[in-house]
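One file, protein_32.cif, is given below (mmCIF, C-alpha atoms and all ligand atoms).
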```cif
data_start
#
loop_
_atom_site.group_PDB
_atom_site.id
_atom_site.type_symbol
_atom_site.label_atom_id
_atom_site.label_comp_id
_atom_site.auth_asym_id
_atom_site.auth_seq_id
_atom_site.Cartn_x
_atom_site.Cartn_y
_atom_site.Cartn_z
ATOM 1 C CA MET A 16 104.293 67.354 142.590
ATOM 2 C CA ALA A 17 101.420 65.277 143.827
ATOM 3 C CA ILE A 18 100.636 62.961 146.685
ATOM 4 C CA LYS A 19 99.850 59.489 145.352
ATOM 5 C CA LYS A 20 97.967 56.599 146.854
ATOM 6 C CA ILE A 21 100.223 53.978 148.452
ATOM 7 C CA LEU A 22 99.226 50.435 147.514
ATOM 8 C CA GLN A 23 98.520 48.104 150.408
ATOM 9 C CA GLU A 24 99.268 44.412 150.751
ATOM 10 C CA PRO A 25 97.686 42.164 149.418
ATOM 11 C CA ASP A 26 97.577 44.313 146.259
ATOM 12 C CA PRO A 27 98.942 42.121 143.416
ATOM 13 C CA ILE A 28 100.874 45.043 141.894
ATOM 14 C CA LEU A 29 103.230 44.909 144.888
ATOM 15 C CA ARG A 30 104.229 41.449 143.627
ATOM 16 C CA GLN A 31 105.416 42.780 140.259
ATOM 17 C CA ILE A 32 109.168 42.903 139.668
ATOM 18 C CA SER A 33 110.177 46.464 138.763
ATOM 19 C CA LYS A 34 112.000 47.164 135.495
ATOM 20 C CA PRO A 35 115.266 49.089 135.105
ATOM 21 C CA VAL A 36 115.034 52.684 133.903
ATOM 22 C CA ASP A 37 116.663 53.379 130.496
ATOM 23 C CA GLU A 38 117.364 57.028 131.143
ATOM 24 C CA VAL A 39 116.639 59.488 133.936
ATOM 25 C CA GLY A 40 114.413 62.027 132.197
ATOM 26 C CA LEU A 41 111.738 64.507 133.208
ATOM 27 C CA GLU A 42 109.168 61.759 133.641
ATOM 28 C CA GLU A 43 111.396 59.938 136.134
ATOM 29 C CA GLN A 44 112.231 63.162 137.972
ATOM 30 C CA GLU A 45 108.548 63.968 138.282
ATOM 31 C CA LEU A 46 107.933 60.457 139.593
ATOM 32 C CA MET A 47 110.734 60.881 142.162
ATOM 33 C CA SER A 48 109.253 64.183 143.341
ATOM 34 C CA ASP A 49 105.801 62.586 143.680
ATOM 35 C CA MET A 50 107.323 59.668 145.573
ATOM 36 C CA TYR A 51 109.102 62.027 147.926
ATOM 37 C CA GLU A 52 106.021 64.114 148.580
ATOM 38 C CA THR A 53 103.938 60.986 149.176
ATOM 39 C CA MET A 54 106.528 59.503 151.536
ATOM 40 C CA ILE A 55 106.769 62.702 153.596
ATOM 41 C CA ALA A 56 102.974 62.995 153.775
ATOM 42 C CA GLU A 57 102.796 59.443 155.122
ATOM 43 C CA LYS A 58 105.714 60.029 157.523
ATOM 44 C CA GLY A 59 107.858 57.299 155.973
ATOM 45 C CA ILE A 60 111.627 57.244 155.560
ATOM 46 C CA GLY A 61 111.732 55.165 152.378
ATOM 47 C CA LEU A 62 109.511 54.421 149.383
ATOM 48 C CA ALA A 63 109.822 52.372 146.205
ATOM 49 C CA ALA A 64 108.038 53.418 142.987
ATOM 50 C CA ILE A 65 106.054 50.171 142.868
ATOM 51 C CA GLN A 66 104.367 51.203 146.132
ATOM 52 C CA ILE A 67 102.573 53.940 144.186
ATOM 53 C CA GLY A 68 101.939 51.517 141.330
ATOM 54 C CA VAL A 69 104.888 52.318 139.032
ATOM 55 C CA PRO A 70 107.044 49.242 138.267
ATOM 56 C CA LYS A 71 110.328 51.161 137.801
ATOM 57 C CA ARG A 72 113.516 50.528 139.769
ATOM 58 C CA ILE A 73 113.401 53.802 141.686
ATOM 59 C CA ILE A 74 113.662 54.384 145.435
ATOM 60 C CA VAL A 75 113.648 57.457 147.629
ATOM 61 C CA ILE A 76 115.048 57.489 151.154
ATOM 62 C CA ASP A 77 115.197 60.321 153.655
ATOM 63 C CA ILE A 78 116.468 59.518 157.097
ATOM 64 C CA PRO A 79 116.049 62.568 159.305
ATOM 65 C CA VAL A 80 119.304 63.591 160.943
ATOM 66 C CA GLU A 81 117.944 66.784 162.410
ATOM 67 C CA GLU A 82 114.404 68.042 162.630
ATOM 68 C CA ASN A 83 113.338 70.231 159.696
ATOM 69 C CA LYS A 84 116.496 69.341 157.808
ATOM 70 C CA ARG A 85 115.700 67.089 154.891
ATOM 71 C CA ASN A 86 118.176 65.083 152.890
ATOM 72 C CA PRO A 87 116.450 62.929 150.279
ATOM 73 C CA ILE A 88 118.509 60.359 148.394
ATOM 74 C CA TYR A 89 117.089 59.162 145.081
ATOM 75 C CA PHE A 90 118.223 55.776 143.805
ATOM 76 C CA VAL A 91 117.579 54.826 140.173
ATOM 77 C CA ASN A 92 118.506 51.264 139.123
ATOM 78 C CA PRO A 93 120.198 50.553 142.478
ATOM 79 C CA VAL A 94 122.419 47.494 142.708
ATOM 80 C CA ILE A 95 123.847 46.103 145.939
ATOM 81 C CA LYS A 96 127.537 45.495 145.259
ATOM 82 C CA LYS A 97 128.679 44.296 148.661
ATOM 83 C CA GLN A 98 126.970 43.124 151.809
ATOM 84 C CA SER A 99 128.592 42.551 155.186
ATOM 85 C CA LYS A 100 128.667 39.091 156.683
ATOM 86 C CA GLU A 101 127.679 40.680 159.951
ATOM 87 C CA MET A 102 123.920 40.771 160.356
ATOM 88 C CA SER A 103 121.647 42.982 162.369
ATOM 89 C CA ARG A 104 118.083 42.406 163.458
ATOM 90 C CA ASN A 105 115.674 45.324 163.358
ATOM 91 C CA GLU A 106 111.986 45.840 163.720
ATOM 92 C CA GLU A 107 110.739 47.166 160.393
ATOM 93 C CA GLY A 108 107.559 48.866 159.328
ATOM 94 C CA CYS A 109 106.283 49.441 155.778
ATOM 95 C CA LEU A 110 103.966 52.003 154.198
ATOM 96 C CA SER A 111 102.307 49.129 152.288
ATOM 97 C CA LEU A 112 101.747 47.122 155.465
ATOM 98 C CA LYS A 113 100.342 49.667 157.830
ATOM 99 C CA SER A 114 100.132 48.825 161.510
ATOM 100 C CA ILE A 115 102.445 45.822 161.126
ATOM 101 C CA PHE A 116 105.999 45.547 162.400
ATOM 102 C CA VAL A 117 108.260 42.607 161.667
ATOM 103 C CA GLU A 118 111.724 41.746 162.942
ATOM 104 C CA VAL A 119 114.026 41.090 159.992
ATOM 105 C CA ASN A 120 117.668 39.957 159.844
ATOM 106 C CA ARG A 121 119.729 41.721 157.205
ATOM 107 C CA PRO A 122 123.405 42.390 156.551
ATOM 108 C CA SER A 123 124.313 45.332 158.777
ATOM 109 C CA SER A 124 126.151 47.212 156.038
ATOM 110 C CA CYS A 125 126.183 47.260 152.245
ATOM 111 C CA GLU A 126 127.482 49.165 149.262
ATOM 112 C CA VAL A 127 125.103 50.365 146.557
ATOM 113 C CA THR A 128 125.659 51.751 143.081
ATOM 114 C CA TYR A 129 122.875 53.717 141.418
ATOM 115 C CA LEU A 130 121.980 56.707 139.279
ATOM 116 C CA ASP A 131 120.943 59.838 141.149
ATOM 117 C CA TYR A 132 118.147 62.362 140.444
ATOM 118 C CA TYR A 133 120.233 63.804 137.597
ATOM 119 C CA GLY A 134 121.212 60.451 136.114
ATOM 120 C CA GLU A 135 124.767 60.596 137.506
ATOM 121 C CA LYS A 136 126.405 57.359 138.578
ATOM 122 C CA GLN A 137 126.898 57.136 142.341
ATOM 123 C CA ASN A 138 128.302 54.728 144.879
ATOM 124 C CA LEU A 139 127.207 54.758 148.513
ATOM 125 C CA LYS A 140 128.374 52.847 151.565
ATOM 126 C CA CYS A 141 125.415 52.280 153.867
ATOM 127 C CA ASP A 142 125.258 51.168 157.462
ATOM 128 C CA GLY A 143 122.862 51.468 160.397
ATOM 129 C CA LEU A 144 119.324 52.542 159.553
ATOM 130 C CA LEU A 145 120.279 53.487 155.985
ATOM 131 C CA ALA A 146 121.524 49.935 155.282
ATOM 132 C CA THR A 147 118.311 48.431 156.639
ATOM 133 C CA CYS A 148 116.190 50.901 154.711
ATOM 134 C CA ILE A 149 117.908 50.475 151.325
ATOM 135 C CA GLN A 150 117.733 46.679 151.579
ATOM 136 C CA HIS A 151 114.025 46.833 152.525
ATOM 137 C CA GLU A 152 113.307 49.102 149.527
ATOM 138 C CA MET A 153 115.430 46.967 147.165
ATOM 139 C CA ASP A 154 113.223 44.050 148.193
ATOM 140 C CA HIS A 155 110.171 46.003 146.951
ATOM 141 C CA LEU A 156 111.814 46.295 143.512
ATOM 142 C CA ASN A 157 112.156 42.518 143.516
ATOM 143 C CA ALA A 158 108.533 42.022 144.647
ATOM 144 C CA ILE A 159 109.552 40.941 148.156
ATOM 145 C CA LEU A 160 107.752 42.227 151.236
ATOM 146 C CA MET A 161 109.098 42.096 154.780
ATOM 147 C CA ILE A 162 106.389 39.586 155.750
ATOM 148 C CA ASP A 163 108.045 37.115 153.342
ATOM 149 C CA TYR A 164 110.733 36.668 156.007
ATOM 150 C CA LEU A 165 108.160 35.221 158.387
ATOM 151 C CA SER A 166 107.095 31.580 158.629
ATOM 152 C CA LYS A 167 104.311 30.566 156.234
ATOM 153 C CA LEU A 168 101.782 30.255 159.038
ATOM 154 C CA LYS A 169 102.533 33.683 160.519
ATOM 155 C CA LYS A 170 102.443 35.226 157.067
ATOM 156 C CA THR A 171 99.060 33.713 156.194
ATOM 157 C CA MET A 172 97.632 34.965 159.480
ATOM 158 C CA LEU A 173 98.910 38.480 158.859
ATOM 159 C CA ILE A 174 97.566 38.606 155.294
ATOM 160 C CA LYS A 175 94.153 37.498 156.546
ATOM 161 C CA LYS A 176 94.236 40.231 159.149
ATOM 162 C CA LEU A 177 95.217 42.808 156.512
ATOM 163 C CA SER A 178 92.447 41.733 154.120
ATOM 164 C CA LYS A 179 89.912 42.213 156.918
ATOM 165 C CA LEU A 180 91.293 45.675 157.629
ATOM 166 C CA LYS A 181 90.906 46.556 153.971
ATOM 167 C CA ILE A 182 87.272 45.479 153.933
ATOM 168 C CA LYS A 183 86.593 47.582 157.007
ATOM 169 C CA GLU A 184 88.205 50.628 155.436
ATOM 170 C CA ASN A 185 85.939 50.341 152.420
ATOM 171 C CA ARG A 186 82.822 50.078 154.540
ATOM 172 C CA ILE A 187 80.688 53.190 154.402
ATOM 173 C CA VAL A 188 79.152 54.195 157.701
ATOM 174 C CA LEU A 189 76.085 56.425 157.414
HETATM 175 ZN ZN ZN B 201 108.139 48.792 152.516
#
```
Take the structure I supplied and represent it as structure tokens, if you would.
Amino acid sequence: MAIKKILQEPDPILRQISKPVDEVGLEEQELMSDMYETMIAEKGIGLAAIQIGVPKRIIVIDIPVEENKRNPIYFVNPVIKKQSKEMSRNEEGCLSLKSIFVEVNRPSSCEVTYLDYYGEKQNLKCDGLLATCIQHEMDHLNAILMIDYLSKLKKTMLIKKLSKLKIKENRIVL
């Protein structure tokens, strides 16, 4: 397992649509383990493979129920089968958009089919934080970021702010 670098907006790779996985093999399992380790290190609750630069339709989510009790869910080729008409509005953060929080409206529950860590077909009904999280991560697979839900003007302002942050981070102070 290894901790990978999480790509930051406006990295163009984040705007690549991820491709379905043919088969869950060792390579994919290694990727999932790396994703999980990276997500935990960055204190996130969800991560898509594209965020570490791999354009495969793979997501990991771990919503802590109790402290020190981990329950990662790995989603390979996830597909949202049903979405509730009822919406909920939540403030979301993103490991690729550090220090930014955006309020997003999404269906409050959904049903997802996917392959698990072992390539077994699964079906999961999601609500609450899990529903928000899976829909946010599914967006990453489709090259959508949470800032895309904002007005054009707000989005442009945020991207400018992020680009400046990036420049500052690369500045070497001696
Ligand atoms: Zn995100």
Q. Which residue, A:Ile21, A:Val80, A:Cys109, A:Val91, has the smallest gap to Glu135 of chain A when you use all atoms listed in the file?
A.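 Selected residue with least distance to Glu135 of chain A: A:Val91.
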Could you list as a PDB file with C-alpha atoms, in the frame of the given file every residue that has an atom within 12 Å of (109.1, 62.9, 137.8), using the file's coordinates and counting all atoms listed in the file?
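To be explicit, this is the file written out as point-v6.pdb:
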```pdb
ATOM      1  CA  MET A  16     104.293  67.354 142.590  1.00  0.00           C
ATOM      2  CA  ALA A  17     101.420  65.277 143.827  1.00  0.00           C
ATOM      3  CA  VAL A  39     116.639  59.488 133.936  1.00  0.00           C
ATOM      4  CA  GLY A  40     114.413  62.027 132.197  1.00  0.00           C
ATOM      5  CA  LEU A  41     111.738  64.507 133.208  1.00  0.00           C
ATOM      6  CA  GLU A  42     109.168  61.759 133.641  1.00  0.00           C
ATOM      7  CA  GLU A  43     111.396  59.938 136.134  1.00  0.00           C
ATOM      8  CA  GLN A  44     112.231  63.162 137.972  1.00  0.00           C
ATOM      9  CA  GLU A  45     108.548  63.968 138.282  1.00  0.00           C
ATOM     10  CA  LEU A  46     107.933  60.457 139.593  1.00  0.00           C
ATOM     11  CA  MET A  47     110.734  60.881 142.162  1.00  0.00           C
ATOM     12  CA  SER A  48     109.253  64.183 143.341  1.00  0.00           C
ATOM     13  CA  ASP A  49     105.801  62.586 143.680  1.00  0.00           C
ATOM     14  CA  MET A  50     107.323  59.668 145.573  1.00  0.00           C
ATOM     15  CA  TYR A  51     109.102  62.027 147.926  1.00  0.00           C
ATOM     16  CA  GLU A  52     106.021  64.114 148.580  1.00  0.00           C
ATOM     17  CA  ALA A  64     108.038  53.418 142.987  1.00  0.00           C
ATOM     18  CA  VAL A  69     104.888  52.318 139.032  1.00  0.00           C
ATOM     19  CA  LYS A  71     110.328  51.161 137.801  1.00  0.00           C
ATOM     20  CA  ILE A  73     113.401  53.802 141.686  1.00  0.00           C
ATOM     21  CA  TYR A  89     117.089  59.162 145.081  1.00  0.00           C
ATOM     22  CA  VAL A  91     117.579  54.826 140.173  1.00  0.00           C
ATOM     23  CA  TYR A 132     118.147  62.362 140.444  1.00  0.00           C
ATOM     24  CA  TYR A 133     120.233  63.804 137.597  1.00  0.00           C
TER      25      TYR A 133
END
```
Q. What residues have any atom no more than 12 Å from ligand ZN 201 (chain B) when counting only C-alpha atoms and all ligand atoms, and can you list them as a PyMOL selection string?
A. chain A and resi 21-24+29+54+59-67+74-76+107-113+115-117+147-163
Q. Evaluating the PyMOL selection byres (((chain A and resi 105) around 9) and not hetatm) on the displayed file yields which residues, as a list in words?
A. Ser103, Arg104, Glu106, Glu107, Val117, Glu118, Val119, Asn120, Arg121, Leu144 and Thr147 of chain A
**Q.** the PyMOL selection byres (((chain A and resi 124) around 7) and not hetatm) applied to the shown file, residues as a list in words
**A.**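 When the PyMOL selection byres (((chain A and resi 124) around 7) and not hetatm) is applied, the selected residues are Gln98, Ser99, Pro122, Ser123, Cys125, Cys141, Asp142, Gly143 and Ala146 of chain A.
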Restricting it to C-alpha atoms, dump the selection as a short mmCIF file (atom, residue, chain, number, x, y, z; two decimals), in the coordinates of the input.
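Below is the file out-v4.cif, written as the result:
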```cif
data_model
loop_
_atom_site.label_atom_id
_atom_site.label_comp_id
_atom_site.auth_asym_id
_atom_site.auth_seq_id
_atom_site.Cartn_x
_atom_site.Cartn_y
_atom_site.Cartn_z
CA GLN A 98 126.97 43.12 151.81
CA SER A 99 128.59 42.55 155.19
CA PRO A 122 123.40 42.39 156.55
CA SER A 123 124.31 45.33 158.78
CA CYS A 125 126.18 47.26 152.24
CA CYS A 141 125.42 52.28 153.87
CA ASP A 142 125.26 51.17 157.46
CA GLY A 143 122.86 51.47 160.40
CA ALA A 146 121.52 49.94 155.28
#
```
What does the PyMOL selection byres (((chain A and resi 127) around 9) and not hetatm) select in this file, as a PDB file with C-alpha atoms, keeping the file's coordinate frame?
```pdb
ATOM      1  CA  PRO A  93     120.198  50.553 142.478  1.00  0.00           C
ATOM      2  CA  VAL A  94     122.419  47.494 142.708  1.00  0.00           C
ATOM      3  CA  ILE A  95     123.847  46.103 145.939  1.00  0.00           C
ATOM      4  CA  LYS A  96     127.537  45.495 145.259  1.00  0.00           C
ATOM      5  CA  LYS A  97     128.679  44.296 148.661  1.00  0.00           C
ATOM      6  CA  CYS A 125     126.183  47.260 152.245  1.00  0.00           C
ATOM      7  CA  GLU A 126     127.482  49.165 149.262  1.00  0.00           C
ATOM      8  CA  THR A 128     125.659  51.751 143.081  1.00  0.00           C
ATOM      9  CA  TYR A 129     122.875  53.717 141.418  1.00  0.00           C
ATOM     10  CA  GLN A 137     126.898  57.136 142.341  1.00  0.00           C
ATOM     11  CA  ASN A 138     128.302  54.728 144.879  1.00  0.00           C
ATOM     12  CA  LEU A 139     127.207  54.758 148.513  1.00  0.00           C
ATOM     13  CA  LYS A 140     128.374  52.847 151.565  1.00  0.00           C
ATOM     14  CA  CYS A 141     125.415  52.280 153.867  1.00  0.00           C
ATOM     15  CA  ILE A 149     117.908  50.475 151.325  1.00  0.00           C
TER      16      ILE A 149
END
```
Using the file's own x, y and z axes, so that the box edges lie along x, y and z, what centre and edge lengths in Å (one decimal) does a box around every listed atom of segment 127-144 of chain A get when 3 Å is added on each side? Give it as lines of an AutoDock Vina configuration file.
```
center_x = 123.3
center_y = 57.1
center_z = 148.3
size_x = 16.2
size_y = 19.4
size_z = 30.3
```
Q: Go through A:Ile18, A:Ile88, A:Ile55, A:Ile78 one by one, measure the shortest atom-to-atom distance of each to Leu130 of chain A using all atoms listed in the file, and give the residue with the smallest value.
A: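 Looking only at the distances to Leu130 of chain A, the closest residue turns out to be A:Ile88.
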Q. What is the atom CA of Arg85 of chain A to atom CA of Lys58 of chain A distance in Å?
A. 12.5 Å
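The shortest atom-to-atom distance to Asn92 of chain A, with all atoms listed in the file taken into account, belongs to A:Val36 out of A:Val36, A:Leu145, A:Ala56, A:Leu165.
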